[in-house]
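Working notes, beginning with the structure itself.
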Amino acid sequence: MSWDAEFTHYFDRCADSMRFTAFLLCGNHHEAEDVVQSAFLKLYLAGPGLAHRDGLDAYLRQIVVRTFLAERRRVRWKREKLTDVLPEVPAAGSLSEDKLVVWQALGAVPAKQRAVLVLRYWHDLGVEETAAALGCSVGTVKSNTSRGLKALRQSLGPEFGALWQEVSRGA
């Protein structure tokens, strides 16, 4: 099978999942779509040179997270501020109010900590896998996990445990 056909099949299979991962990282659908498009372009360009294509899911997830983090650094450097005039709510009935509350709180967590939380709890990756995806040490993952959970705990208050458990379990 040619790389173009293989890529098309792969895109059809996992684009929605990657868009949602990017949405969890970015907090809005428009920025998430930009991140995913950039990530798929990078994957497409790298594809012919990849020796092993059995790990594309992890590789693409790594590209999405690193693209998100690079965009955040770029935005901070340019001093641009992204805002949403109206909140974007997914299709009615598909999300509980608790999930929306947690996702909103997650949007206030710093980008690197948010990336760690999404990879660890949404994608259920271990500390080592998360460190590999982010290109950092295991200690950095642990400290960012701790700081990110602390920020969520402060934001969500006493209901944090139940809310976080529902969202990370019911992914």
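Within each chain, counting starts at residue 1; across the structure tokens, chains are named A, B, ... in the order shown, with ligands numbered 1 upward in that order.
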Find the residues around Leu125 (chain A) up to 12 Å (only C-alpha atoms counted), leave out those fewer than 6 positions away in its own chain, and share them as a PyMOL selection string. chain A and resi 58+61-62+115-119+131-134+141+168
Contacts of Asp34 (chain A) within 12 Å, only C-alpha atoms, excl. fewer than 5 positions in-chain, as a count of residues only: 14
Could you check the closest approach to Val127 (chain A) for each of A:Gln113, A:His30, A:Lys142, A:Leu149 and tell me which residue wins, using only C-alpha atoms? A:Lys142
Between CA of Val109 (chain A) and CA of Glu97 (chain A) - distance in Å to one decimal: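 For CA of Glu97 (chain A) relative to CA of Val109 (chain A), the distance reads 19.1 Å.
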Enumerate, as a PyMOL selection string, the complete set of residues in region 124-165 of chain A that a backbone-based DSSP assignment places in alpha helix (DSSP H). chain A and resi 127-134+138-156+160-165
Put those residues in a file: N, CA, C and O atoms, as a compact mmCIF listing (two decimals), in the first residue's frame.
# COMPACT_ATOMS: atom_id res chain seq x y z
N VAL A 127 3.99 7.30 33.31
CA VAL A 127 4.91 8.42 33.48
C VAL A 127 6.00 8.39 32.41
O VAL A 127 6.32 9.41 31.80
N GLU A 128 6.56 7.20 32.15
CA GLU A 128 7.63 7.08 31.17
C GLU A 128 7.14 7.41 29.75
O GLU A 128 7.83 8.09 28.99
N GLU A 129 5.95 6.90 29.41
CA GLU A 129 5.39 7.18 28.08
C GLU A 129 5.10 8.66 27.91
O GLU A 129 5.33 9.23 26.84
N THR A 130 4.60 9.29 28.96
CA THR A 130 4.31 10.73 28.91
C THR A 130 5.61 11.51 28.75
O THR A 130 5.68 12.45 27.95
N ALA A 131 6.64 11.11 29.48
CA ALA A 131 7.94 11.79 29.37
C ALA A 131 8.48 11.66 27.94
O ALA A 131 9.00 12.63 27.39
N ALA A 132 8.34 10.48 27.35
CA ALA A 132 8.81 10.29 25.98
C ALA A 132 8.02 11.15 25.00
O ALA A 132 8.59 11.75 24.08
N ALA A 133 6.71 11.23 25.19
CA ALA A 133 5.87 12.03 24.29
C ALA A 133 6.21 13.51 24.38
O ALA A 133 6.16 14.23 23.37
N LEU A 134 6.57 13.98 25.56
CA LEU A 134 6.87 15.40 25.75
C LEU A 134 8.35 15.73 25.59
O LEU A 134 8.72 16.89 25.57
N VAL A 138 11.28 12.00 33.50
CA VAL A 138 10.21 11.42 34.32
C VAL A 138 9.90 12.35 35.49
O VAL A 138 8.74 12.55 35.85
N GLY A 139 10.93 12.93 36.08
CA GLY A 139 10.73 13.86 37.19
C GLY A 139 9.91 15.08 36.80
O GLY A 139 9.09 15.56 37.57
N THR A 140 10.15 15.57 35.59
CA THR A 140 9.38 16.71 35.10
C THR A 140 7.91 16.35 34.94
O THR A 140 7.03 17.12 35.29
N VAL A 141 7.65 15.15 34.44
CA VAL A 141 6.27 14.69 34.31
C VAL A 141 5.61 14.61 35.68
O VAL A 141 4.48 15.07 35.87
N LYS A 142 6.31 14.04 36.64
CA LYS A 142 5.75 13.90 37.99
C LYS A 142 5.46 15.26 38.61
O LYS A 142 4.40 15.46 39.22
N SER A 143 6.40 16.19 38.49
CA SER A 143 6.18 17.51 39.10
C SER A 143 5.06 18.26 38.39
O SER A 143 4.24 18.92 39.03
N ASN A 144 5.00 18.15 37.05
CA ASN A 144 3.91 18.82 36.33
C ASN A 144 2.56 18.18 36.63
O ASN A 144 1.54 18.87 36.68
N THR A 145 2.54 16.87 36.84
CA THR A 145 1.29 16.20 37.23
C THR A 145 0.84 16.72 38.59
O THR A 145 -0.33 17.08 38.77
N SER A 146 1.76 16.77 39.52
CA SER A 146 1.44 17.23 40.87
C SER A 146 0.94 18.67 40.85
O SER A 146 -0.09 18.99 41.46
N ARG A 147 1.65 19.54 40.15
CA ARG A 147 1.26 20.96 40.08
C ARG A 147 -0.07 21.13 39.35
O ARG A 147 -0.90 21.96 39.75
N GLY A 148 -0.27 20.38 38.27
CA GLY A 148 -1.52 20.48 37.52
C GLY A 148 -2.71 20.02 38.34
O GLY A 148 -3.77 20.66 38.34
N LEU A 149 -2.56 18.90 39.05
CA LEU A 149 -3.65 18.41 39.90
C LEU A 149 -3.92 19.39 41.05
O LEU A 149 -5.07 19.61 41.43
N LYS A 150 -2.86 20.00 41.58
CA LYS A 150 -3.03 20.98 42.64
C LYS A 150 -3.81 22.19 42.13
O LYS A 150 -4.72 22.69 42.81
N ALA A 151 -3.48 22.65 40.93
CA ALA A 151 -4.20 23.79 40.34
C ALA A 151 -5.67 23.44 40.10
O ALA A 151 -6.56 24.26 40.39
N LEU A 152 -5.94 22.24 39.62
CA LEU A 152 -7.33 21.81 39.43
C LEU A 152 -8.05 21.70 40.77
O LEU A 152 -9.21 22.10 40.89
N ARG A 153 -7.37 21.15 41.75
CA ARG A 153 -7.97 21.00 43.08
C ARG A 153 -8.35 22.36 43.65
O ARG A 153 -9.42 22.53 44.22
N GLN A 154 -7.48 23.35 43.47
CA GLN A 154 -7.78 24.70 43.97
C GLN A 154 -8.93 25.33 43.20
O GLN A 154 -9.78 26.00 43.76
N SER A 155 -8.96 25.09 41.90
CA SER A 155 -10.00 25.66 41.06
C SER A 155 -11.37 25.03 41.31
O SER A 155 -12.38 25.72 41.34
N LEU A 156 -11.38 23.72 41.49
CA LEU A 156 -12.66 23.01 41.62
C LEU A 156 -13.14 22.87 43.06
O LEU A 156 -14.31 22.56 43.29
N PHE A 160 -13.52 18.36 43.75
CA PHE A 160 -12.48 17.98 42.81
C PHE A 160 -12.38 16.47 42.62
O PHE A 160 -12.37 15.97 41.51
N GLY A 161 -12.29 15.72 43.71
CA GLY A 161 -12.09 14.27 43.62
C GLY A 161 -13.14 13.57 42.79
O GLY A 161 -12.83 12.82 41.87
N ALA A 162 -14.40 13.84 43.09
CA ALA A 162 -15.49 13.18 42.36
C ALA A 162 -15.54 13.63 40.91
O ALA A 162 -15.72 12.81 40.01
N LEU A 163 -15.37 14.91 40.67
CA LEU A 163 -15.41 15.43 39.30
C LEU A 163 -14.27 14.88 38.46
O LEU A 163 -14.47 14.42 37.34
N TRP A 164 -13.05 14.92 39.01
CA TRP A 164 -11.89 14.46 38.27
C TRP A 164 -11.98 12.97 37.98
O TRP A 164 -11.64 12.50 36.91
N GLN A 165 -12.47 12.21 38.95
CA GLN A 165 -12.60 10.77 38.76
C GLN A 165 -13.58 10.46 37.64
O GLN A 165 -13.33 9.60 36.81
Point-to-point distance from CA of Ala111 (chain A) to CA of Leu69 (chain A), Å rounded to tenths: 6.6 Å
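For the set A:Phe20, A:Pro48, A:Val36, A:Cys136, the residue with the smallest atom-to-atom gap to Asp4 (chain A) is A:Pro48, counting only C-alpha atoms.
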Could you check the closest approach to Trp122 (chain A) for each of A:Leu43, A:Ala51, A:Val102, A:Leu24 and tell me which residue wins, using only C-alpha atoms?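 Closest residue, counting only C-alpha atoms: A:Leu24.
Minimum atom-to-atom distance to Gln104 (chain A), evaluated using only C-alpha atoms, belongs to A:Gly27 out of A:Glu159, A:Gly27, A:Lys42, A:Ala5.
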Pairwise distance for CA of Asp57 (chain A) and CA of Met1 (chain A), rounded to one decimal in Å: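 Calculated distance between CA of Asp57 (chain A) and CA of Met1 (chain A) is 18.6 Å.
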A:Lys112, A:Phe7, A:Val35, A:Asp54: which is nearest Thr21 (chain A), counting only C-alpha atoms? A:Val35
